[in-house]
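Taking it in order: structure first as structure tokens, then the write-up.
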Amino acid sequence: MPRYVLLLTILLSILTSGLVELLAPQEAEAIPAFSRQTGESCSTCHVAYPKLNQTGQNFRTNGFRFPEDKEWQDVQDLKHVPLSAEIEVEAEYTKTRGAGASGQESLLKIDEVELLAGAPLGKEGRFSGYGVLSFAEGDVSVGQAYGQVNDLLGEKGHGLLNVKVGQFDIALPFLSSTQRVIKQRYFAQEALGILGARRQGGSTESEAVELYNTGVEINGQLVAKEADGITHRYAIGLYQPKSLVNGNHLGFPGLYATYSIHFWERFTIGAIYKRDVVNSALDPFTPEGKKGVDKWGVAAEVKLGPFLATAGYFRSDGLPSTGDGALSNATHNRALQNYMAEVLFIPHDIPFIPNKKFVLGGRFDHIDQELAQSSSRTTFMGRYYILPSVFVQAEWRVHDGGSVAGTSGQDSYAARGFLVAAF
Amino acid sequence: MNAIHAGIALLFTPLVLWPATGSATDRKTPTAPHEFLTKTNPVAATADTLQEAKSLYENRCSKCHGTSGNGKGSATKDLDVKPRNYTDKALMETIPDGQLFWIICYGSDPEATEMAGYKKKLSEEQMWSLVHYIRSFAR
């Protein structure tokens with residue numbers, strides 16, 4: 001059976017069950033797979049989909065289990081099938097400005113259709129699996145796909161030490177490309193290759209493909225018993241970047257480590273280190289033009305009532321030229337520095353706001369590179385929930401271009417609209 | 001305003017606006033209608049009833065209300081309004097059975113809590129048996 005027919009069949013099955021749920025009288029809970037499995041609403045784990053709160057980060061690191069669960073529920077009916085579908089429709093309008101402006105570009109399309117599945121397996125949930133199948137631009141591709149063996153140490157159901165193998169985000173537990181509420185990609189992701197999936201290609205945001213790292217990771221968490229205690233999350237792993245040709249592979253894989261703490265119910269601080277693989281013709285000491293580059297970053301997050309503020313600093317100690325532009329004659333590596341600040345306004349708990357079905361956000365993202373013009377992006381976002389798992393979102397982005405590490409060098413405005421439905 | 005100033009302004013906006021947004025912890029649990037408050041538990045507290053209620057509680061309630069009923073389940077990390085602590089004997093003595101039953105049926109304040117109603121998922125007998133089990137935490 002052709003792949004797209006199989007995908008369509010599965011999708012229609014999920015849509016059918018999802019539509020039945022959507023058309024039924026709605027309460028606070030939403031639809032997708034984890035909500036069905038656990039009986040909890042989406043907001044139990046998500047600040048604003050897809051960003052995870054502390055409960056959600058605990059749940060994910062724990063192999064999609066709550067410690068109180070005695071055993072994973074057997075699949076009894078469609079409501080407990082650990083499969084979800086997500087459809088995203090996007091409209092994008094981009095207008096270049098300033099010197100060299102080439103005009104405007106617009107598009108309207110079904111950006112992607114995804115099938116997502118994840119669950120702990122077996123009565124004790126010692127193994128968990130997660131996978132995303134994406135249908136976009138006429139292609140079917142695998143997004144994140146990994147398995148995790150849970151509870152190598154410690155009490156069952158607490159995720160003190162686990163091992164994860166597969167293809168996944170390498171990022172901070174509270175800040176990553178797959179948890180973006182504002183859909184504009186981070187510079188740390190695009191240009192530095194940190195905070196998760198790389199972007200590759202595409203003249204517009206929606207056309208760029210997300211590339212995940214393949215790796216093996218040991219991770220875990222030590223969750224505070226008291227609400228205002230300290231929760232630790234840690235991970236160390238080896239990975240091989242995806243889509244690099246054989247000539248780019250290091251003799252040994254890349255290495256990364258992350259650590260974060262959450263304390264006093266409001267504050268989270270995290271650090272990440274990643275030894276990445278790049279192709280460099282400039283380094284005379286590394287055979288075959290391969291080079292490892294040290295990248296690292298720190299970030300902090302604070303929750304103040306309905307506001308969630310995140311700030312980060314990320315750095316790459318040199319990203320050698322591939323021969324394009326002004327860098328082609330450079331004889332030394334040039335460091336990249338990225339500063340990012342983001343605020344989300346999520347009015348869950350404000351008594352005087354009658355309709356709390358919206359989220360607002362703003363992000364400022366700035367990147368510097370030695371001997372190159374810096375680049376900034378300021379993005380504003382507004383989201384409105386039509387249903388708990390269906391929302392519309394609009395973004396306005398101002399890009400002050402400088403040709404840094406593959407990002408666009410042209411100043412531009414961009415307006416993007418999304419309709420996202422999850423089943 | 002240059003780019004750096006814009007970023008700093010964005011970060012400090014919550015600090016300035018946060019005190020004006022009020023606090024969800026100021027809210028009070030809704031009170032059941034009078035006809036519920038006057039109800040007494042029609043289900044006998046037998047060993048079988050409590051065993052079934054225990055199973056229901058572990059399956060549906062413990063993630064938030066905790067395995068010991070102290071309101072400190074693993075799903076409460078980000079809740080500004082924490083679940084009721086059923087081990088507080090003095091507090092539980094002030095809450096009638098009908099109030100507990102009504103909250104289980106219809107849920108608490110949807111704008112401030114995650115407590116949904118279970119009227120469509122549990123029978124009345126099951127919900128009354130949960131009232132017995134909840135009260136056992138304070139003994």
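The way I read the labels, and the way they are meant: chains A, B, ... in the order of the structure tokens, residue 1 as the first residue of every chain, and ligand 1 as the first ligand shown, with later ones counted on from there.
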
Requested in this report: Tell me, as JSON, numbers by chain, which residues lie within 9 Å of segment 182-196 of chain A, counting only C-alpha atoms; anything in the same chain fewer than 5 positions away does not count.
Outcome: {"A": [168, 169, 170, 171, 172, 175, 176, 177, 205, 211, 212, 213, 272, 273, 274, 276, 295, 296, 297, 313, 314, 315, 316, 319, 336, 337, 338, 339, 340, 344, 361, 362, 363, 365, 366, 367, 376, 377, 379, 380, 381, 382, 393, 395, 397, 404, 405, 406, 407]}

Can you write out the residues you just picked, keeping C-alpha atoms, as a short mmCIF file (atom, residue, chain, number, x, y, z; two decimals), in the first residue's frame?
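So the final result, stored in part.cif, reads:
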data_model
loop_
_atom_site.label_atom_id
_atom_site.label_comp_id
_atom_site.auth_asym_id
_atom_site.auth_seq_id
_atom_site.Cartn_x
_atom_site.Cartn_y
_atom_site.Cartn_z
CA PHE A 168 15.11 13.50 19.62
CA ASP A 169 15.58 17.11 20.66
CA ILE A 170 18.86 17.90 22.34
CA ALA A 171 17.92 20.92 24.34
CA LEU A 172 17.06 22.20 27.76
CA LEU A 175 13.43 25.47 26.39
CA SER A 176 13.57 23.66 23.06
CA SER A 177 12.48 23.92 19.48
CA GLU A 205 9.78 29.67 7.58
CA LEU A 211 16.27 17.79 11.46
CA TYR A 212 16.71 15.88 14.69
CA ASN A 213 19.81 14.38 16.20
CA ILE A 272 23.62 23.11 28.10
CA TYR A 273 26.88 22.06 26.48
CA LYS A 274 27.12 20.51 23.04
CA ASP A 276 28.81 19.73 17.51
CA LYS A 295 28.64 25.22 21.97
CA TRP A 296 27.08 26.09 25.25
CA GLY A 297 24.34 28.19 26.77
CA TYR A 313 22.52 33.32 26.28
CA PHE A 314 23.99 30.84 23.83
CA ARG A 315 27.42 30.73 22.28
CA SER A 316 29.26 28.79 19.65
CA LEU A 319 31.37 28.27 13.13
CA LEU A 336 28.58 33.30 17.54
CA GLN A 337 26.70 34.81 20.45
CA ASN A 338 22.95 34.77 20.86
CA TYR A 339 20.78 36.65 23.33
CA MET A 340 17.13 35.77 23.64
CA LEU A 344 4.26 34.74 27.47
CA GLY A 361 3.64 36.52 23.63
CA GLY A 362 6.67 38.46 22.56
CA ARG A 363 10.24 37.47 21.80
CA ASP A 365 16.22 37.30 19.55
CA HIS A 366 19.62 38.75 18.71
CA ILE A 367 22.74 37.16 17.27
CA SER A 376 17.77 40.62 15.32
CA ARG A 377 14.24 39.30 15.23
CA THR A 379 8.19 38.60 17.18
CA PHE A 380 4.76 39.21 18.66
CA MET A 381 2.15 36.48 18.95
CA GLY A 382 -1.51 36.14 19.81
CA GLN A 393 -2.49 31.98 16.14
CA GLU A 395 2.50 36.28 14.56
CA ARG A 397 7.94 39.35 13.03
CA VAL A 404 24.93 35.40 10.28
CA ALA A 405 25.49 31.65 9.98
CA GLY A 406 23.02 31.01 7.23
CA THR A 407 20.21 33.28 8.42
#

Query raised in the report: Mind checking DSSP for segment 32-92 of chain B and telling me the helix (DSSP H, G or I) residues as a PyMOL selection string?
Result: chain B and resi 34-37+47-60+62-65+74-76+89-92

Please save N, CA and C atoms of the selected residues as a CSV table (one decimal), in the first residue's frame.
chain,number,residue,atom,x,y,z
B,34,HIS,N,-28.1,24.5,48.5
B,34,HIS,CA,-28.6,24.1,49.8
B,34,HIS,C,-29.1,22.7,49.8
B,35,GLU,N,-29.8,22.2,48.7
B,35,GLU,CA,-30.3,20.9,48.6
B,35,GLU,C,-29.2,19.8,48.7
B,36,PHE,N,-28.0,20.2,48.3
B,36,PHE,CA,-26.9,19.3,48.4
B,36,PHE,C,-26.3,19.3,49.8
B,37,LEU,N,-26.2,20.5,50.4
B,37,LEU,CA,-25.6,20.6,51.7
B,37,LEU,C,-26.3,19.8,52.8
B,47,ALA,N,-16.6,-2.6,54.0
B,47,ALA,CA,-15.2,-2.8,53.5
B,47,ALA,C,-15.2,-2.9,51.9
B,48,ASP,N,-16.2,-3.4,51.3
B,48,ASP,CA,-16.3,-3.5,49.8
B,48,ASP,C,-16.4,-2.1,49.3
B,49,THR,N,-17.2,-1.3,49.9
B,49,THR,CA,-17.4,0.1,49.4
B,49,THR,C,-16.1,0.9,49.4
B,50,LEU,N,-15.4,0.7,50.6
B,50,LEU,CA,-14.2,1.5,50.7
B,50,LEU,C,-13.1,0.9,49.8
B,51,GLN,N,-13.1,-0.4,49.5
B,51,GLN,CA,-12.1,-0.9,48.7
B,51,GLN,C,-12.3,-0.4,47.2
B,52,GLU,N,-13.6,-0.4,46.8
B,52,GLU,CA,-13.8,0.1,45.5
B,52,GLU,C,-13.5,1.6,45.4
B,53,ALA,N,-13.8,2.4,46.4
B,53,ALA,CA,-13.5,3.8,46.5
B,53,ALA,C,-12.0,4.0,46.4
B,54,LYS,N,-11.3,3.2,47.1
B,54,LYS,CA,-9.8,3.3,47.1
B,54,LYS,C,-9.3,3.1,45.7
B,55,SER,N,-9.8,2.1,45.0
B,55,SER,CA,-9.4,1.9,43.6
B,55,SER,C,-9.7,3.1,42.7
B,56,LEU,N,-10.9,3.6,42.9
B,56,LEU,CA,-11.3,4.8,42.1
B,56,LEU,C,-10.4,6.0,42.4
B,57,TYR,N,-10.1,6.2,43.7
B,57,TYR,CA,-9.3,7.3,44.2
B,57,TYR,C,-7.9,7.2,43.6
B,58,GLU,N,-7.3,6.0,43.6
B,58,GLU,CA,-5.9,5.8,43.1
B,58,GLU,C,-5.9,6.1,41.6
B,59,ASN,N,-7.0,5.7,40.9
B,59,ASN,CA,-7.0,5.8,39.5
B,59,ASN,C,-7.2,7.2,39.0
B,60,ARG,N,-8.1,8.0,39.7
B,60,ARG,CA,-8.6,9.2,39.2
B,60,ARG,C,-8.1,10.5,40.0
B,62,SER,N,-5.5,10.5,42.8
B,62,SER,CA,-4.3,10.6,43.5
B,62,SER,C,-3.2,11.4,42.9
B,63,LYS,N,-3.3,11.6,41.6
B,63,LYS,CA,-2.2,12.4,40.9
B,63,LYS,C,-2.2,13.8,41.4
B,64,CYS,N,-3.4,14.3,41.8
B,64,CYS,CA,-3.5,15.7,42.3
B,64,CYS,C,-3.6,15.7,43.9
B,65,HIS,N,-4.5,14.9,44.4
B,65,HIS,CA,-4.8,14.9,45.8
B,65,HIS,C,-3.8,14.1,46.6
B,74,SER,N,1.7,14.5,42.3
B,74,SER,CA,2.8,14.9,41.4
B,74,SER,C,2.3,15.8,40.3
B,75,ALA,N,1.0,15.9,40.1
B,75,ALA,CA,0.5,16.8,39.0
B,75,ALA,C,0.2,18.2,39.5
B,76,THR,N,0.6,18.5,40.7
B,76,THR,CA,0.2,19.8,41.3
B,76,THR,C,1.3,20.8,41.2
B,89,LYS,N,-7.8,17.5,59.7
B,89,LYS,CA,-9.1,17.0,60.4
B,89,LYS,C,-10.0,18.2,60.7
B,90,ALA,N,-9.4,19.2,61.3
B,90,ALA,CA,-10.2,20.4,61.7
B,90,ALA,C,-11.0,21.0,60.5
B,91,LEU,N,-10.3,21.0,59.4
B,91,LEU,CA,-10.9,21.6,58.2
B,91,LEU,C,-12.0,20.6,57.6
B,92,MET,N,-11.7,19.4,57.6
B,92,MET,CA,-12.7,18.4,57.0
B,92,MET,C,-13.9,18.3,57.9

Requested in this report: Please provide the set of residues having any atom within 10 Å of Tyr106 of chain B, restricted to only C-alpha atoms, with same-chain residues fewer than 2 positions apart removed, written as an MDAnalysis selection string.
Outcome: chainID B and resid 32 101:104 108:110 115:120

Could the residues in this selection be written to a file with N, CA and C atoms, as a PDB file, in the first residue's frame?
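File written: out01.pdb
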ATOM      1  N   ALA B  32     -21.861  24.472  47.537  1.00  0.00           N
ATOM      2  CA  ALA B  32     -22.937  23.695  46.904  1.00  0.00           C
ATOM      3  C   ALA B  32     -24.295  24.320  47.202  1.00  0.00           C
ATOM      4  N   PHE B 101     -19.624  15.800  47.913  1.00  0.00           N
ATOM      5  CA  PHE B 101     -20.291  15.097  46.811  1.00  0.00           C
ATOM      6  C   PHE B 101     -20.524  16.048  45.634  1.00  0.00           C
ATOM      7  N   TRP B 102     -20.959  17.273  45.921  1.00  0.00           N
ATOM      8  CA  TRP B 102     -21.268  18.240  44.858  1.00  0.00           C
ATOM      9  C   TRP B 102     -20.010  18.605  44.066  1.00  0.00           C
ATOM     10  N   ILE B 103     -18.894  18.777  44.769  1.00  0.00           N
ATOM     11  CA  ILE B 103     -17.633  19.102  44.077  1.00  0.00           C
ATOM     12  C   ILE B 103     -17.199  17.936  43.192  1.00  0.00           C
ATOM     13  N   ILE B 104     -17.337  16.706  43.706  1.00  0.00           N
ATOM     14  CA  ILE B 104     -16.960  15.542  42.886  1.00  0.00           C
ATOM     15  C   ILE B 104     -17.857  15.476  41.649  1.00  0.00           C
ATOM     16  N   SER B 108     -14.820  21.985  40.743  1.00  0.00           N
ATOM     17  CA  SER B 108     -14.647  23.242  41.467  1.00  0.00           C
ATOM     18  C   SER B 108     -14.579  24.395  40.457  1.00  0.00           C
ATOM     19  N   ASP B 109     -14.108  25.544  40.896  1.00  0.00           N
ATOM     20  CA  ASP B 109     -14.045  26.726  40.043  1.00  0.00           C
ATOM     21  C   ASP B 109     -13.194  26.451  38.803  1.00  0.00           C
ATOM     22  N   PRO B 110     -13.770  26.402  37.607  1.00  0.00           N
ATOM     23  CA  PRO B 110     -12.997  26.035  36.407  1.00  0.00           C
ATOM     24  C   PRO B 110     -11.973  27.097  35.996  1.00  0.00           C
ATOM     25  N   MET B 115      -9.884  20.964  38.876  1.00  0.00           N
ATOM     26  CA  MET B 115     -10.835  19.977  39.369  1.00  0.00           C
ATOM     27  C   MET B 115     -12.073  19.962  38.487  1.00  0.00           C
ATOM     28  N   ALA B 116     -12.175  18.904  37.671  1.00  0.00           N
ATOM     29  CA  ALA B 116     -13.335  18.743  36.797  1.00  0.00           C
ATOM     30  C   ALA B 116     -14.380  17.899  37.501  1.00  0.00           C
ATOM     31  N   GLY B 117     -15.627  17.920  36.990  1.00  0.00           N
ATOM     32  CA  GLY B 117     -16.693  17.109  37.563  1.00  0.00           C
ATOM     33  C   GLY B 117     -16.675  15.701  36.994  1.00  0.00           C
ATOM     34  N   TYR B 118     -17.185  14.771  37.812  1.00  0.00           N
ATOM     35  CA  TYR B 118     -17.181  13.370  37.394  1.00  0.00           C
ATOM     36  C   TYR B 118     -18.584  12.797  37.253  1.00  0.00           C
ATOM     37  N   LYS B 119     -19.560  13.687  37.139  1.00  0.00           N
ATOM     38  CA  LYS B 119     -20.950  13.242  37.072  1.00  0.00           C
ATOM     39  C   LYS B 119     -21.190  12.306  35.885  1.00  0.00           C
ATOM     40  N   LYS B 120     -20.470  12.552  34.771  1.00  0.00           N
ATOM     41  CA  LYS B 120     -20.685  11.725  33.571  1.00  0.00           C
ATOM     42  C   LYS B 120     -19.806  10.482  33.563  1.00  0.00           C
TER      43      LYS B 120
END

Query raised in the report: Which residue out of A:Thr378, A:Asn150, A:Ser260, A:Ser102 has the minimum interatomic distance to chain B when only C-alpha atoms are used?
Result: A:Thr378

Query raised in the report: B:Gly71, B:Asp78, B:Thr94, B:Ala138: which is nearest chain A, counting only C-alpha atoms?
Result: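 Looking at the shortest contact to chain A, the residue is B:Asp78.
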
Query raised in the report: Can you list, as a list in words, every protein, DNA or RNA residue that comes within 8 Å of Ala227 of chain A when you count only C-alpha atoms, leaving out same-chain residues fewer than 5 positions away?
Result: Trp264 and Glu265 of chain A; Lys72 and Lys77 of chain B

Query raised in the report: By how many Å are atom CA of Tyr413 of chain A and atom CA of Pro306 of chain A apart?
Result: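 Interatomic distance, atom CA of Tyr413 of chain A to atom CA of Pro306 of chain A: 28.6 Å.
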
Pull the strand (DSSP E) assignments for segment 114-240 of chain A out of DSSP run on the backbone, and list those residues as a short mmCIF file (atom, residue, chain, number, x, y, z; two decimals) with N, CA and C atoms, in the first residue's frame.
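Generated output (part10.cif):
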data_model
loop_
_atom_site.label_atom_id
_atom_site.label_comp_id
_atom_site.auth_asym_id
_atom_site.auth_seq_id
_atom_site.Cartn_x
_atom_site.Cartn_y
_atom_site.Cartn_z
N GLU A 114 0.66 15.65 11.31
CA GLU A 114 1.52 14.79 12.12
C GLU A 114 0.71 13.74 12.85
N LEU A 115 1.31 12.57 12.95
CA LEU A 115 0.79 11.54 13.83
C LEU A 115 1.77 11.42 14.99
N LEU A 116 1.24 11.45 16.20
CA LEU A 116 2.09 11.37 17.36
C LEU A 116 1.63 10.19 18.23
N ALA A 117 2.58 9.45 18.71
CA ALA A 117 2.24 8.34 19.58
C ALA A 117 3.26 8.27 20.70
N GLY A 118 2.78 7.98 21.89
CA GLY A 118 3.69 7.84 23.02
C GLY A 118 3.00 7.19 24.18
N ALA A 119 3.70 6.33 24.86
CA ALA A 119 3.09 5.66 26.01
C ALA A 119 4.15 4.84 26.74
N PRO A 120 3.92 4.61 28.03
CA PRO A 120 4.72 3.59 28.71
C PRO A 120 4.14 2.23 28.37
N LEU A 121 4.96 1.23 28.34
CA LEU A 121 4.51 -0.10 27.94
C LEU A 121 4.70 -1.07 29.09
N PHE A 127 9.46 0.47 30.04
CA PHE A 127 9.89 0.95 28.74
C PHE A 127 8.83 1.90 28.19
N SER A 128 9.29 3.03 27.64
CA SER A 128 8.37 3.99 27.03
C SER A 128 8.84 4.29 25.62
N GLY A 129 7.89 4.53 24.76
CA GLY A 129 8.21 4.86 23.38
C GLY A 129 7.51 6.12 22.96
N TYR A 130 8.10 6.84 22.02
CA TYR A 130 7.49 8.06 21.50
C TYR A 130 7.89 8.22 20.05
N GLY A 131 6.97 8.60 19.21
CA GLY A 131 7.29 8.78 17.80
C GLY A 131 6.38 9.79 17.14
N VAL A 132 6.93 10.48 16.16
CA VAL A 132 6.16 11.45 15.39
C VAL A 132 6.39 11.17 13.92
N LEU A 133 5.31 11.01 13.18
CA LEU A 133 5.37 10.84 11.73
C LEU A 133 4.80 12.10 11.12
N SER A 134 5.57 12.72 10.24
CA SER A 134 5.16 14.01 9.71
C SER A 134 4.95 13.93 8.22
N PHE A 135 3.88 14.50 7.78
CA PHE A 135 3.57 14.55 6.35
C PHE A 135 3.57 16.02 5.95
N ALA A 136 4.61 16.42 5.19
CA ALA A 136 4.73 17.82 4.81
C ALA A 136 5.44 17.91 3.47
N ASP A 139 6.11 14.92 1.37
CA ASP A 139 6.96 13.84 1.88
C ASP A 139 6.48 13.36 3.23
N VAL A 140 6.80 12.10 3.51
CA VAL A 140 6.56 11.56 4.84
C VAL A 140 7.91 11.44 5.53
N SER A 141 8.03 11.97 6.71
CA SER A 141 9.31 11.88 7.41
C SER A 141 9.06 11.58 8.88
N VAL A 142 10.09 11.05 9.49
CA VAL A 142 10.01 10.75 10.92
C VAL A 142 10.59 11.92 11.68
N GLY A 143 9.86 12.42 12.64
CA GLY A 143 10.38 13.47 13.51
C GLY A 143 11.08 12.83 14.68
N GLN A 144 10.70 13.23 15.88
CA GLN A 144 11.27 12.57 17.04
C GLN A 144 10.76 11.12 17.10
N ALA A 145 11.68 10.21 17.43
CA ALA A 145 11.30 8.80 17.56
C ALA A 145 12.31 8.15 18.48
N TYR A 146 11.87 7.76 19.65
CA TYR A 146 12.83 7.19 20.60
C TYR A 146 12.16 6.23 21.56
N GLY A 147 12.99 5.41 22.16
CA GLY A 147 12.54 4.54 23.23
C GLY A 147 13.35 4.83 24.48
N GLN A 148 12.74 4.64 25.61
CA GLN A 148 13.42 4.92 26.87
C GLN A 148 13.18 3.78 27.85
N VAL A 149 14.26 3.31 28.44
CA VAL A 149 14.16 2.35 29.53
C VAL A 149 14.19 3.15 30.82
N ASN A 150 13.17 2.97 31.63
CA ASN A 150 12.98 3.81 32.81
C ASN A 150 13.45 3.15 34.09
N ASP A 151 13.72 3.97 35.04
CA ASP A 151 13.99 3.53 36.42
C ASP A 151 15.17 2.57 36.52
N LEU A 152 16.30 2.91 35.88
CA LEU A 152 17.49 2.09 36.05
C LEU A 152 17.94 2.11 37.51
N LEU A 153 17.67 3.23 38.14
CA LEU A 153 17.95 3.36 39.57
C LEU A 153 16.73 3.97 40.23
N LEU A 161 16.82 7.64 36.96
CA LEU A 161 17.85 7.41 35.96
C LEU A 161 17.26 6.54 34.85
N ASN A 162 17.34 7.07 33.63
CA ASN A 162 16.76 6.38 32.48
C ASN A 162 17.76 6.42 31.33
N VAL A 163 17.57 5.56 30.35
CA VAL A 163 18.40 5.64 29.15
C VAL A 163 17.48 5.73 27.93
N LYS A 164 17.80 6.67 27.07
CA LYS A 164 16.95 6.97 25.91
C LYS A 164 17.76 6.79 24.64
N VAL A 165 17.18 6.15 23.65
CA VAL A 165 17.86 5.91 22.38
C VAL A 165 16.93 6.27 21.24
N GLY A 166 17.46 6.98 20.27
CA GLY A 166 16.63 7.29 19.11
C GLY A 166 16.96 8.65 18.55
N GLN A 167 15.93 9.32 18.09
CA GLN A 167 16.07 10.60 17.42
C GLN A 167 15.22 11.60 18.19
N PHE A 168 15.87 12.63 18.72
CA PHE A 168 15.11 13.50 19.62
C PHE A 168 15.77 14.86 19.72
N ARG A 198 17.61 21.21 14.03
CA ARG A 198 18.14 22.19 13.10
C ARG A 198 17.13 22.47 12.03
N ARG A 199 17.25 23.64 11.46
CA ARG A 199 16.44 23.98 10.29
C ARG A 199 17.33 23.80 9.07
N GLN A 200 16.74 23.30 8.02
CA GLN A 200 17.51 23.18 6.79
C GLN A 200 16.66 23.59 5.62
N VAL A 209 12.83 22.40 6.86
CA VAL A 209 12.64 21.07 7.44
C VAL A 209 13.34 20.99 8.79
N GLU A 210 12.72 20.34 9.75
CA GLU A 210 13.33 20.15 11.05
C GLU A 210 14.16 18.87 11.01
N LEU A 211 15.40 18.96 11.44
CA LEU A 211 16.27 17.79 11.46
C LEU A 211 16.66 17.49 12.90
N ASN A 213 18.60 15.14 15.95
CA ASN A 213 19.81 14.38 16.20
C ASN A 213 19.46 12.95 16.57
N THR A 214 20.30 12.01 16.16
CA THR A 214 20.18 10.62 16.57
C THR A 214 21.20 10.37 17.67
N GLY A 215 20.76 9.83 18.77
CA GLY A 215 21.70 9.70 19.87
C GLY A 215 21.27 8.71 20.92
N VAL A 216 22.11 8.58 21.92
CA VAL A 216 21.80 7.79 23.10
C VAL A 216 22.07 8.67 24.31
N GLU A 217 21.19 8.63 25.26
CA GLU A 217 21.24 9.58 26.36
C GLU A 217 20.92 8.88 27.68
N ILE A 218 21.63 9.27 28.70
CA ILE A 218 21.25 8.89 30.06
C ILE A 218 20.67 10.14 30.70
N ASN A 219 19.47 10.03 31.23
CA ASN A 219 18.82 11.19 31.80
C ASN A 219 18.11 10.83 33.08
N GLY A 220 17.62 11.84 33.75
CA GLY A 220 16.86 11.56 34.96
C GLY A 220 16.43 12.83 35.64
N GLN A 221 15.75 12.67 36.73
CA GLN A 221 15.29 13.80 37.51
C GLN A 221 15.17 13.41 38.97
N LEU A 222 15.37 14.41 39.80
CA LEU A 222 15.16 14.25 41.24
C LEU A 222 14.14 15.31 41.60
N THR A 231 13.93 20.83 42.27
CA THR A 231 13.88 19.69 41.35
C THR A 231 15.07 19.76 40.40
N HIS A 232 15.78 18.67 40.28
CA HIS A 232 16.95 18.61 39.40
C HIS A 232 16.61 17.76 38.17
N ARG A 233 17.07 18.22 37.01
CA ARG A 233 16.97 17.41 35.79
C ARG A 233 18.32 17.39 35.10
N TYR A 234 18.72 16.24 34.59
CA TYR A 234 20.07 16.09 34.07
C TYR A 234 20.05 15.12 32.90
N ALA A 235 20.98 15.33 31.99
CA ALA A 235 21.09 14.44 30.84
C ALA A 235 22.50 14.56 30.28
N ILE A 236 23.01 13.43 29.84
CA ILE A 236 24.30 13.41 29.15
C ILE A 236 24.18 12.39 28.03
N GLY A 237 24.73 12.73 26.88
CA GLY A 237 24.54 11.81 25.77
C GLY A 237 25.55 11.95 24.65
N LEU A 238 25.51 11.00 23.76
CA LEU A 238 26.29 11.00 22.54
C LEU A 238 25.32 11.05 21.36
N TYR A 239 25.72 11.72 20.29
CA TYR A 239 24.80 11.82 19.17
C TYR A 239 25.55 11.92 17.85
N GLN A 240 24.84 11.61 16.79
CA GLN A 240 25.35 11.79 15.45
C GLN A 240 24.38 12.72 14.73
#

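For the choices A:Ala335, A:Lys156, A:Ile346, A:Asn53, the atom-to-atom distance to Phe358 of chain A is smallest for A:Ile346 when using only C-alpha atoms.
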
**Report entry** Atomic distance atom CA of Ala415 of chain A - atom CA of Val47 of chain A, expressed in Å with one decimal
**Finding:** 24.2 Å
